[in-house]
Structure formats: C-alpha cells, structure tokens
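Inspection log for the structure reproduced underneath, given as structure tokens.
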Amino acid sequence: MTSAQIEIQLIAAVVAAACALPGVFLILRRTAMMSDAISHAILLGIVLAFLVTEDLTSPFLIVAATLTGVLTVLLVEILHKTRLVKEDAAIGLVFPVLFSIGVILIARFAGSVHLDTDAVLLGELAFAPFNRLVVFGVDIGPRSLYLMGGILVINLVFILLFFKELKLSTFDAGLAASLGFMPWILHYGLMTLVSVTAVGAFDAVGSILVVALMIGPPAAAYLLTERLSSMLILSAIIGIVGAIAGFWIANWTDVSIAGTMASMIGVVFVLVYVFSPGRGLLATVRRRILQKWEFALAMLVIHLSQHENQPEAVNECRADHLTEHIRWNAEFARRVVRLAKHRELIVETNGHLRLTSVGHSLAARRVVG
Amino acid sequence: MSHNESLYAVDVADLTVAYRDKPVLWDIDMQVPTGVLMAIIGPNGAGKTTLIKSILGLIKPAAGQVLIFGRPYDQQRHEVGYVPQRGSVDWDFPTSVLDVVMMGRYGALGWIRRPGSKERQKALEALNKVGMADFAGRQISQLSGGQQQRVFLARALVQEASVYFMDEPFQGVDAKTERAIIVILQELRSSGKTVVVVHHDLQTIPEYFDWVTLLNVRRIASGPVAEVFTEDNLRSAYGGLVAFKSQAGTVNSNNMK
Amino acid sequence: MEITQILHNLVFDYTLRTVALGSAILGIVSGSLGVFAVLRRQSLLGDSVSHTALPGIALAFLLTGSKAPLMLIIGAAVAGWVGTLFVLHIISNTPIKADGALGMILSVFFGFGLVLLTLIQKMPNSRQAGLEKFLFGQASALMVQDVVIMAILGGLSLVLLAVLWKEFKLLSFDPEYAVSLGFPTRTITIILTTILVIAVVIGLQTVGVVLMSAMIVAPASAARQWTDRLGGMVLLSGLFGVMAGVSGAVISSLTAKLPTGPTIVLCISVIVIVSILFAPNRGLVMRAGRNYRNRQRLITDAILLDLYELGVQHHDPYHAHPSSTLKVMSVKRGNILQTLRHLREQQLVAESGDDNWSLTVSGVEKARALADRAEEKA
C-alpha cells in the first residue's frame with residue numbers, strides 16, 4: 001500500500017463515521033430526505049462563498065455552505081407551515097431551486113476552476129492526499145483528513161453531550177417539550193451538524209453520495225438493533241466497512257471511488273437485510289413458519305374453548321369441522337390436530353375434540369396476550 | 001326484501017385476524033339479523049375497526065369466513081355500503097362535495113365508465129337527505145367535522161346497499177349532526193336495511209340501537225340490547241374500567257340488570 | 001434576440017423547434033402525472049425514480065452498445081421500477097420508513113450508476129456515448145427521434161390517465177373505500193406508478209437525473225394554489241409544466257454555458273413562487289390581506305361598541321367623548337384616532353369640536369346590532 005492509499009482510506013473511514021452518526025437520528029426522526037435536500041443545497045453556499053473569496057480552501061466556504069444547509073431546513077419548514085403544500089412536497093420544492101442556482105453559477109462563472117459539475121456529483125477523494133495541511137512549513141498530512149476529523153469530533157461531542165435529550169426528543173418529542181427541553185433547538189442543532197458534515201464530506205464524495213453515507217449505514221444498523229447507542233456504533237462500523245471496501249474495488253477496477261463506496265453500502269444493507277438475526281428476511285421467514293404452527297395451535301384451542309359447553313359444540317368441535325369453518329385444508333387440519341394431541345392440549349374421542357387442562361390454560365393465556 | 005328470511009345479513013364464523021404475528025381478533029362468531037341497527041362496542045384496541053375492515057375485505061383474515069346474505073363478500077359487494085372513519089382521508093384533496101358523494105356510485109359503474117347525470121341526480125338526492133344540498137359545489141376542505149361526516153354518509157347512501165358498515169360516525173361531530181345521523185340510520189332500519197356501527201359512547205346504546213356486539217379481541221356477547229347490554233358483559237369487555245364508568249353515570253343503569 | 005425573432009425560430013428553426021416540442025411534451029406529461037404523486041404524498045418518489053434510472057441507462061448502453069433513445073428509456077424505466085419496488089418492499093417489511101428507504105435506494109442506485117458511467121468512459125469510443133447529458137440534461141442535444149419516442153410514450157400515459165381518471169381519483173382520495181367498492185387497488189397503483197415512471201424517464205435527457213424530480217412536484221404544487229378541482233389542477237399543472245419546460249429549454253439552448261435542467265427548474269420555481277404568493281383564495285398575499293381586513297373590522301367594531309357602552313352609561317347614546325377615554329378602554333387596538341377618522345368617513349361617528357367623538361344615528365344602529373350579536377353568542 002502506498003501512503004496515498006492509506007491516507008485515502010483514512011479519509012474515507014473518517015467521512016463515513018462522521019456521516020453515519022447524525023444519520024442515525026435522521027432515520028429515527030423520519031427526516032432522512034432532509035439529508036438529500038441539505039447535501040444539494042449547500043452547493044449554492046459553496047459557490048457563492050467561492051465567488052466572493054475566490055479561494056477554494058477558505059474556511060468561509062464551510063461557514064457559508066453550512067448556513068445554506070440550515071437555511072434549507074428553515075425554508076422547508078416555512079413553506080410547510082403555510083399549509084399550502086405538504087411536507088414532502090416542500091422538501092421537493094426547496095432544494096432543486098437552491099441547487100439549480102448553484103449549478104448555473106458554476107457553469108457561468110466558475111467553470112474553469114476545480115469546482116465543476118463532475119466534482120459536485122462525484123467528489124474528488126482520489127485527489128484528497130494532494131491537498132496538504134502545512135503548519136510552520138511542516139507537512140502534517142492531507143487537509144481533508146483534519147477537516148473531517150474535526151467534524152467527526154464535533155459530531156461525537158454533540159451526541160455525547162446531548163445524548164439523553166436527543167434520545168428523548170427523538171422517541172417522544174411531546175414529552176421532551178413538556179419537560180422543557182425545547183425540541184426545536186435540538187432539531188436545529190442536529191440539522192446544523194448534518195449541514196456541516198455534508199459540507200465536509202461533499203468535497204470528498206459529492207452531494208448525492210453524502211446521502212448514501214448518511215442514510216445507508218443507519219438504515220442497515222436499524223435492522224440489527226433497537227438500542228440507540230449500539231445503533232450509533234454499528235452505523236459507524238458499517239459506514240467504515242462500506243467505505244474501505246468501496247475504495248479497494250475502485251482501486252482494482254479504476255472507477256469512481258464515491259460510486260463504489262455507495263454501491264458497497266448498498267451491498268452491506270442487502271446482506272444485513274437478508275441475514276440479520278432479529279429483523280432479517282431469513283429470520284422473519286423462519287419465525288413465520290414456526291409461528292404458523294403456534295398460531296394454528298392457539299386458534300384450535302381457542303376455537304374449542306369458545307364452543308365447548310355450547311349447544312353447537314357437537315358440531316363445532318369435530319375434527320372434520322375445522323376444514324369447513326376455520327378454513328384449513330384437510331391435510332393441515334390433520335397435522336395441527338396431531339401436533340395438539342402430541343402436546344397434550346386436546347384429546348379426541350370418536351372424532352370429537354376436547355381440551356385438556358393444558359389446552360384450557362393455553363387458550364386463556366393466548367386470548368389475553 | 002327479496003332475501004331469504006332465514007339468512008343473516010352478516011354471518012361471521014370463526015374469524016381470526018392477525019397483524020404480522022400479533023393476533024387482534026380471535027375466533028369471532030357474530031350473526032347480524034336482517035333489519036337491525038347494531039353497535040359494535042369494546043375498549044380501545046379491542047379490534048372493532050379491524051372487525052368491520054376484515055368483513056369488508058380490507059384486511060385479510062388468518063382464518064374464518066364472512067357471509068353477506070349467505071354468500072361470500074366478493075359476490076355481494078353491491079349489497080354493502082361503507083362509511084370509513086372521517087380522519088382516514090385528506091380533506092384538503094382538490095374536489096367538491098358532490099364529487100365525493102358520486103364516488104359512492106363508482107362500484108356500480110365498474111371500470112372506466114364515467115358518472116353521468118343519473119349518478120349526479122342520486123348524489124344530489126343523498127345530499128338533500130343528509131341536509132347538505134346547499135354544499136354540493138363546496139370544496140371539501142371548507143367543511144366542519146359534522147359536515148364531513150354527513151358527506152361520507154351521503155356517499156354510502158348512494159351505494160344503495162342492503163347492509164351498511166360505519167366506523168365511528170359520531171366521532172367528533174356536533175350534537176345536531178349526531179341527531180341527524182341517527183335519524184337517517186333509524187330510517188334505514190325501518191326500510192329493512194341492516195346497519196352496523198362501530199360506537200364509542202355506551203350511554204347512547206339503549207337509545208340508538210336495538211342490537212349490540214361486545215368485543216375485546218374475542219367476542220364477549222352479541223344479541224338484542226335488552227339481553228346483552230348487561231353490567232356483567234360490560235365488565236368482561238372493559239375489565240375494571242366499566243365499574244368506574246357506571247359510577248360516573250356514563251352507563252345508563254336502568255338498562256343494567 | 002427579439003421576441004418575434006424567437007417565435008419565428010420556434011416555428012422555422014429545426015433545432016429550436018425540436019427542443020421546444022420535446023420540452024413541451026416533458027412538461028405536460030410530468031406536470032399532469034405529478035399531480036397524483038403530490039396528492040398521494042409521494043412527492044419524493046419522483047426524486048428516487050430519476051436517480052435510480054441512472055444505472056438503467058448505463059446498463060442499457062453497456063448491454064446493447066446502442067444509444068438509441070428507446071433502448072436508454074427502457075433501461076431507465078426498468079431501473080426506476082426496480083428501485084421503486086425496493087423502496088416499497090423496504091417500507092412494508094422493515095421498520096425503516098418511506099424517507100429512509102427513498103434516500104438509501106436513490107443514493108445507492110445513483111452511486112452504482114456513477115460506477116457504470118466511469119466504466120463506460122474508459123471504453124474506446126466512449127466519448128461518443130454522451131451519457132453525461134443525463135446528469136443535468138442537455139436540451140440542445142434533442143433529436144427528432146427522441147421527440148417522437150417521448151411523444152408516443154407520453155401520449156400513451158396521458159391516454160391511460162384519461163381512461164382511468166375515475167379510478168386514479170378514487171385511489172388518490174380514499175384507497176380503502178376503493179377496495180370496499182371492489183376496485184383492485186393494487187393493479188391501479190401499479191398502472192399509476194408505471195406511468196409516473198414513464199413521465200420521469202422521458203424527461204431525463206432534457207432535465208437530467210438530478211433535477212427531474214422538481215418537474216413532478218413543482219407544477220402540481222403551483223397548480224393546487226389556483227384551483228380546488230382535480231381536473232383543473234391536472235390541466236393547470238400540465239400547462240405550467242409546458243411553460244417552464246419550453247421557456248427553460250429555449251433559454252438554455254440559446255445561451256452558452258447554461259445547463260438545461262437547472263434553467264427549467266428555475267422557470268418552474270418562479271411559477272411556484274408566484275402561485276404561492278398571489279393565487280386568489282390560497283395565496284399568501286391574499287390571505288394576509290384578508291387577515292388584515294378582518295383585524296381592522298374587529299378594531300372598528302370594538303370602538304363602536306365602546307362608544308355605545310359609554311353612551312349607555314351616560315343615558316345618552318349620542319354622548320361625545322375624547323379619544324383618550326377610548327384609549328383607556330381599549331387594549332391593543334392600534335391607532336384609535338385613525339380608526340375614528342375611518343369611521344367618520346363611513347358616517348358612523350361624528351367629531352364635534354376638538355377630539356370629541358360621538359356616534360351618529362346609523363352608528364348607534366350598527367353598534368346596537370353588534371351588541372345584540374355579542375349577547376346572543378354569550
């Protein structure tokens with residue numbers, strides 16, 4: 001591995017972790033598409049600040065872009081509050097305008113510099129190591145590593161400081177408000193984090209892939225755990241794995257690094273979705289099959305308990321009646337009855353089914369549960 | 001009524017419904033005779049809405065069957081009218097009162113055919129019946145809660161069904177609308193129609209309804225109000241809650257044995 | 001260039017005519033069908049479809065080696081559909097909600113699309129592929145064959161919309177009721193989603209993947225402000241789509257270094273802003289005016305009532321009082337003198353001497369009516 005390769009991987013890992021952390025809250029608060037809106041809109045801030053400062057490395061760019069991101073959130077909210085459009089439409093109206101102005105400004109005034117539309121969509125991760133941070137004449141590493149590292153630290157500090165408040169306002173905004181936590185302050189704090197992270201990551205991976213890094217890992221982590229703290233950690237790990245795997249695939253096949261990173265996050269999501277022990281596809285199918293039998297047994301005992309000692313019991317509680325009223329096919333009904341007898345839930349006398357005491361207690365338990 | 005007298009308007013047998021893995025209705029049996037005005041009552045989460053939605057085929061049951069006048073629902077759609085909960089739609093949708101009511105004719109029209117003057121006429125008559133004739137051209141977002149409910153009722157009326165299912169038609173409506181709706185429901189009953197209503201207010205049961213089903217995941221009881229609307233049954237449906245309620249005077253004690 | 005010159009060119013200039021026709025088709029189709037996406041709260045589905053279409057375009061080119069518009073559109077539509085299926089599958093089978101599913105699928109598909117695009121760029125003769133124009137759109141590259149295919153597919157979509165009008169309307173307003181009436185809502189949803197996908201993909205070449213979603217959301221959102229009827233909304237939305245599409249595409253093809261997609265988006269955004277501000281009834285300006293008039297009426301009524309009340313106390317309804325007395329009675333009622341002058345213009349009050357105000361005959365009448373009404377309410 002060359003040192004440039006190591007540096008690129010380091011940057012990619014830091015970007016992925018920094019994006020995944022606020023992304024967890026976006027997923028849980030159902031505002032994931034805000035990341036799409038913000039990551040597009042910040043382009044306008046970057047371009048405007050660049051046209052003023054004419055310096056792509058000016059910290060002013062980051063400030064201006066972050067403000068544009070927060071402005072986007074504000075505009076969406078104002079538009080939504082007019083009650084003239086629904087919230088999803090408000091998002092879909094605001095960011096295309098800001099992004100369009102940004103793209104047009106680039107095309108007309110900044111076309112000759114590094115800021116072009118390809119950079120907007122693809123980022124320039126491969127070139128990141130060339131942009132060094134030099135302090136007192138000493139080269140201490142690539143500039144974007146320090147930038148994204150700083151942003152990662154800010155995200156971590158914010159989340160650690162306000163963990164309790166964030167958790168409460170995410171799961172119960174009403175309660176948080178009544179306890180005096182002012183959810184809107186946290187909301188804007190979080191949106192500022194999303195903006196500043198998107199701005200930092202934008203340079204490396206481009207606008208749309210910021211969305212992949214912010215939404216993909218937390219979505220996958222959500223299928224693995226319900227605990228907020230483990231979700232944060234898992235998201236960061238998934239993001240880093242996807243980013244580094246993406247880097248190597250891009251390295252071998254010589255294609256867009258940002259593209260392969262997003263694709264690998266998609267692959268990780270699919271793997272998690274299929275194999276997650278709790279909420280995965282396979283686990284769900286297996287549980288459904290098991291539950292089908294448990295459910296059928298419960299239905300049988302409840303059916304029998306509803307009709308025992310009733311005048312219609314002679315008819316309702318017969319094995320051959322099950323196909324007719326519960327609508328099981330004959331084979332399935334036979335197997336459920338056999339299973340129930342095996343578990344000593346029922347006894348059969350001349351085709352007439354009766355509950356045992358075990359059966360009765362199961363019926364009572366299932367109805368309550 | 002051309003229907004066989006011996007048949008029930010609605011016959012639910014061994015109906016079990018589960019959301020994902022969690023059962024919400026267990027083995028429900030319920031027979032509704034033709035020509036009754038029936039309330040379905042039970043605590044929150046008892047499965048009242050689920051019951052009528054599964055009768056209407058909106059939710060696929062895990063087991064059991066539903067017959068409307070002795071035949072499966074699929075064959076009897078034209079006999080059934082439905083009034084969903086008022087809050088289930090977006091009232092800012094760009095359409096007029098008359099338009100919404102005409103939707104009640106869409107089922108009879110079938111695919112592609114458009115509503116014409118005949119449908120318009122029927123819709124206007126129904127609006128007249130619910131006291132909303134002056135609002136025909138109004139945009140639906142300008143209606144009050146009670147007016148929205150009347151519009152939904154009119155939409156069901158133009159279905160010209162024999163059995164009506166209504167989900168909480170008195171929820172959040174003014175007293176005047178509640179009166180108007182119950183008068184229409186009682187008119188429907190006198191003309192031989194069957195009406196099934198998901199209801200919340202125990203106090204008005206004896207006054208409004210002649211038949212009642214108590215539900216709490218299982219069917220607790222189902223039958224004429226005079227026989228079934230008892231403190232015992234209420235207690236098994238609502239648990240300890242009902243004692244509190246009858247003390248507070250919510251349940252009319254004259255009707256309790 | 002003069003307006004008349006542009007109009008002349010629109011008819012006689014081959015390139016401009018093609019561009020304008022193509023953009024008009026794109027505008028009318030995405031505008032009309034966008035109405036249903038917006039009303040069903042699926043505004044962002046267009047965003048997802050357009051992004052997920054990108055790998056489809058690239059794959060179609062890689063597999064067939066052809067950049068025939070029909071091939072690319074089929075590829076885009078298939079990928080857009082697959083992406084939508086994924087989104088719907090994730091929403092109904094996992095705890096992840098619509099926003100998360102949309103965001104993830106669109107960004108991952110788009111990322112994969114970029115991988116394929118960079119792969120294509122490395123191939124010999126790749127520069128001729130010209131697939132980059134799908135990112136931000138390039139109206140001036142529209143050919144007659146593109147426009148013909150857009151017209152056929154778009155026309156087909158609009159015909160389906162007209163034929164299934166009643167079904168789409170019912171599905172959008174009250175899907176459960178549609179099921180209870182016996183309509184197969186799943187089939188209707190599939191048809192509606194399919195023509196929405198078509199509406200998105202036929203616009204990709206002109207507007208581009210990144211901004212096509214705006215052509216679904218914006219015309220419909222603007223149209224909603226002007227009308228309260230679905231039919232009117234679809235017609236207006238289609239019209240707005242055409243206006244924005246044609247003006248944006250023509251401006252960008254006449255100007256150097258002006259990408260088409262963003263230009264069209266700015267045109268439609270102007271229409272949205274005008275609509276939200278100035279539409280009668282719903283518009284913000286009209287609403288503010290209405291609120292202002294209501295507040296003014298409340299203030300005038302309050303002052304009339306105060307004068308009346310003072311008159312009752314003095315057993316003389318026409319008793320005059322200085323405005324300072326009224327100021328003490330009224331809390332937060334704005335400029336009292338100005339309101340009194342306004343009332344004088346209406347001949348409801350009269351000023352006798354310096355700053356001494358009394359009700360006129362018609363003023364007493366009006367105040368009494370107001371007092372009665374207030375009592376009735378209480």
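Letters for chains follow the order of the structure tokens (A, B, ...), residue numbers begin at 1 for each chain, and ligand numbers begin at 1 in the order shown.
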
### chain B residues near chain A (12 Å cut-off, only C-alpha atoms) as a VMD selection string
chain B and resid 11 to 18 20 to 29 46 61 to 67 90 92 to 93 216 to 221 236 to 237 239

### Message
Would you mind listing, as a ChimeraX atom specification, all residues of chain C that have at least one atom within 12 Å of chain B, where only C-alpha atoms are what counts?
### Response
/C:35-36,38-41,92-94,160-185,188,220-221,223-234,282

### Task
Could you please write out, as a list of chain:residue names, every residue of stretch 13-226 of chain A that DSSP assigns to strand (DSSP E)?
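Residues of stretch 13-226 of chain A classed as strand (DSSP E): A:Arg132, A:Leu133, A:Val134, A:Val135, A:Val138, A:Asp139, A:Ile140, A:Gly141, A:Pro142.
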
### Task
Return as a ChimeraX atom specification the residues belonging to chain A that are within 8 Å of chain C, counting only C-alpha atoms.
/A:27,30-33,36,82,84-86,88-89,92-93,96-97,99-101,103-104,107-108,122,208-209,211-212,215-216,219,222-223,254-263,265-266,279

Output file for the residues above (N, CA and C atoms, as a CSV table (one decimal), in the first residue's frame):
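That gives us result_24.csv:
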```csv
chain,number,residue,atom,x,y,z
A,27,ILE,N,-32.7,8.9,10.4
A,27,ILE,CA,-33.5,7.8,10.2
A,27,ILE,C,-34.6,7.6,11.3
A,30,ARG,N,-37.3,10.2,11.1
A,30,ARG,CA,-38.1,10.2,9.8
A,30,ARG,C,-37.8,11.4,8.9
A,31,THR,N,-36.6,12.0,9.0
A,31,THR,CA,-36.3,13.1,8.2
A,31,THR,C,-35.1,12.8,7.3
A,32,ALA,N,-35.0,11.6,6.9
A,32,ALA,CA,-33.8,11.2,6.1
A,32,ALA,C,-33.7,12.0,4.8
A,33,MET,N,-34.8,12.3,4.2
A,33,MET,CA,-34.7,13.0,2.9
A,33,MET,C,-34.2,14.5,3.1
A,36,ASP,N,-30.8,14.6,1.8
A,36,ASP,CA,-30.8,14.8,0.3
A,36,ASP,C,-30.9,16.3,0.0
A,82,THR,N,-47.1,27.2,5.9
A,82,THR,CA,-48.2,27.9,5.2
A,82,THR,C,-49.4,27.0,5.0
A,84,LEU,N,-49.9,25.3,2.5
A,84,LEU,CA,-50.2,25.3,1.1
A,84,LEU,C,-49.7,24.1,0.4
A,85,VAL,N,-48.7,23.5,1.0
A,85,VAL,CA,-48.1,22.3,0.4
A,85,VAL,C,-47.8,21.3,1.6
A,86,LYS,N,-47.8,20.0,1.3
A,86,LYS,CA,-47.4,19.0,2.3
A,86,LYS,C,-45.9,19.0,2.5
A,88,ASP,N,-43.5,16.7,2.3
A,88,ASP,CA,-42.7,16.0,1.4
A,88,ASP,C,-42.5,16.9,0.1
A,89,ALA,N,-43.7,17.6,-0.3
A,89,ALA,CA,-43.6,18.4,-1.4
A,89,ALA,C,-42.7,19.7,-1.1
A,92,GLY,N,-39.3,18.8,-1.7
A,92,GLY,CA,-39.1,18.6,-3.2
A,92,GLY,C,-39.1,19.9,-3.9
A,93,LEU,N,-39.6,21.0,-3.3
A,93,LEU,CA,-39.6,22.3,-4.0
A,93,LEU,C,-38.4,23.1,-3.7
A,96,PRO,N,-34.3,21.8,-5.1
A,96,PRO,CA,-33.9,21.9,-6.5
A,96,PRO,C,-33.6,23.4,-6.9
A,97,VAL,N,-34.3,24.3,-6.3
A,97,VAL,CA,-34.1,25.7,-6.6
A,97,VAL,C,-32.7,26.2,-6.2
A,99,PHE,N,-30.1,24.3,-5.5
A,99,PHE,CA,-29.1,23.5,-6.2
A,99,PHE,C,-28.9,24.1,-7.7
A,100,SER,N,-30.1,24.4,-8.3
A,100,SER,CA,-30.0,24.9,-9.7
A,100,SER,C,-29.3,26.2,-9.8
A,101,ILE,N,-29.5,27.1,-8.8
A,101,ILE,CA,-28.8,28.3,-8.8
A,101,ILE,C,-27.3,28.0,-8.7
A,103,VAL,N,-25.6,25.3,-9.6
A,103,VAL,CA,-25.1,24.7,-10.8
A,103,VAL,C,-24.9,25.8,-11.9
A,104,ILE,N,-25.9,26.7,-12.0
A,104,ILE,CA,-25.8,27.7,-13.1
A,104,ILE,C,-24.7,28.6,-12.8
A,107,ALA,N,-21.5,26.9,-13.8
A,107,ALA,CA,-21.4,26.9,-15.3
A,107,ALA,C,-21.0,28.2,-15.9
A,108,ARG,N,-21.5,29.3,-15.3
A,108,ARG,CA,-21.3,30.6,-15.9
A,108,ARG,C,-20.0,31.3,-15.4
A,122,LEU,N,-19.4,13.7,-8.0
A,122,LEU,CA,-18.5,12.6,-7.8
A,122,LEU,C,-17.6,12.8,-6.6
A,208,ILE,N,-24.7,13.6,-3.8
A,208,ILE,CA,-25.7,12.5,-3.7
A,208,ILE,C,-25.1,11.4,-2.8
A,209,LEU,N,-23.8,11.2,-2.9
A,209,LEU,CA,-23.2,10.1,-2.1
A,209,LEU,C,-23.1,10.4,-0.6
A,211,VAL,N,-25.6,11.4,0.8
A,211,VAL,CA,-26.8,10.8,1.3
A,211,VAL,C,-26.7,9.3,1.5
A,212,ALA,N,-25.9,8.6,0.6
A,212,ALA,CA,-25.7,7.2,0.8
A,212,ALA,C,-25.0,6.9,2.1
A,215,ILE,N,-27.5,7.8,5.2
A,215,ILE,CA,-28.7,7.1,5.3
A,215,ILE,C,-28.5,5.6,5.3
A,216,GLY,N,-27.6,5.1,4.4
A,216,GLY,CA,-27.4,3.7,4.3
A,216,GLY,C,-27.0,2.9,5.5
A,219,ALA,N,-29.6,2.9,8.3
A,219,ALA,CA,-30.8,2.0,7.9
A,219,ALA,C,-30.4,0.6,8.1
A,222,TYR,N,-30.3,-0.2,11.8
A,222,TYR,CA,-31.7,-0.2,12.4
A,222,TYR,C,-32.2,-1.6,12.3
A,223,LEU,N,-31.8,-2.4,11.3
A,223,LEU,CA,-32.3,-3.8,11.2
A,223,LEU,C,-31.5,-4.8,12.2
A,254,ASP,N,-10.6,0.7,-11.2
A,254,ASP,CA,-10.4,2.0,-11.8
A,254,ASP,C,-11.7,2.7,-12.2
A,255,VAL,N,-12.6,2.7,-11.2
A,255,VAL,CA,-13.9,3.5,-11.4
A,255,VAL,C,-14.1,4.5,-10.3
A,256,SER,N,-15.2,5.2,-10.3
A,256,SER,CA,-15.4,6.3,-9.3
A,256,SER,C,-15.4,5.7,-7.9
A,257,ILE,N,-14.5,6.3,-7.0
A,257,ILE,CA,-14.4,5.8,-5.6
A,257,ILE,C,-15.8,6.0,-4.9
A,258,ALA,N,-16.3,7.2,-5.0
A,258,ALA,CA,-17.5,7.5,-4.3
A,258,ALA,C,-18.7,6.6,-4.8
A,259,GLY,N,-18.7,6.3,-6.1
A,259,GLY,CA,-19.7,5.4,-6.6
A,259,GLY,C,-19.6,4.0,-6.0
A,260,THR,N,-18.4,3.5,-5.9
A,260,THR,CA,-18.2,2.1,-5.3
A,260,THR,C,-18.5,2.1,-3.8
A,261,MET,N,-18.2,3.2,-3.2
A,261,MET,CA,-18.5,3.3,-1.7
A,261,MET,C,-20.0,3.2,-1.5
A,262,ALA,N,-20.7,4.0,-2.3
A,262,ALA,CA,-22.2,3.9,-2.2
A,262,ALA,C,-22.7,2.5,-2.5
A,263,SER,N,-22.2,1.9,-3.6
A,263,SER,CA,-22.6,0.6,-4.0
A,263,SER,C,-22.3,-0.4,-2.9
A,265,ILE,N,-22.1,0.1,0.3
A,265,ILE,CA,-23.1,0.3,1.4
A,265,ILE,C,-24.4,-0.3,1.0
A,266,GLY,N,-24.8,-0.3,-0.3
A,266,GLY,CA,-26.0,-1.0,-0.7
A,266,GLY,C,-25.8,-2.5,-0.5
A,279,ARG,N,-34.3,-9.0,12.6
A,279,ARG,CA,-35.3,-8.5,11.7
A,279,ARG,C,-35.0,-8.8,10.2
```

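Neighbouring residues of C:Thr339 at 10 Å or closer, counting only C-alpha atoms and skipping chain neighbours under 6 positions away, are Gln296, Arg297, Ile299, Thr300, Ile303, Arg333 and Glu345 of chain C.
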
### Message
Could you pull out the alpha helix (DSSP H) residues of stretch 96-143 of chain B, going by DSSP on the backbone, and write them as a VMD selection string?
### Response
chain B and resid 97 to 102 106 to 109 117 to 129

### Message
I'd like the interatomic distance between atom CA of A:Gly149 and atom CA of A:Lys167, to a tenth of an Å.
### Response
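Pair atom CA of A:Gly149 / atom CA of A:Lys167 returns 24.4 Å.
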
### Query
Which one of B:Leu7, B:Leu124, B:Ile40, B:Leu51 sits closest to B:Ile68 if you count only C-alpha atoms?
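Of the candidates, the smallest distance to B:Ile68 is held by B:Leu7.
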
### Query
Do you know which residues are at most 12 Å from stretch 16-23 of chain C counting only C-alpha atoms, after dropping those on the same chain fewer than 6 positions away, and could you put them as a PyMOL selection string?
chain C and resi 5-10+29-31+137-152+154+202-207+215+238-254+260-261+264

### Query
Looking at A:Leu175, A:Ala363, A:Leu21, A:Val199, which one is nearest to A:Asn155, with distances taken over only C-alpha atoms?
A:Leu21

#### Entry: Long-range neighbours of stretch 58-64 of chain A as number ranges by chain, 10 Å cut-off, only C-alpha atoms, 2 positions minimum in chain
A: 42-56, 66-69, 195-200
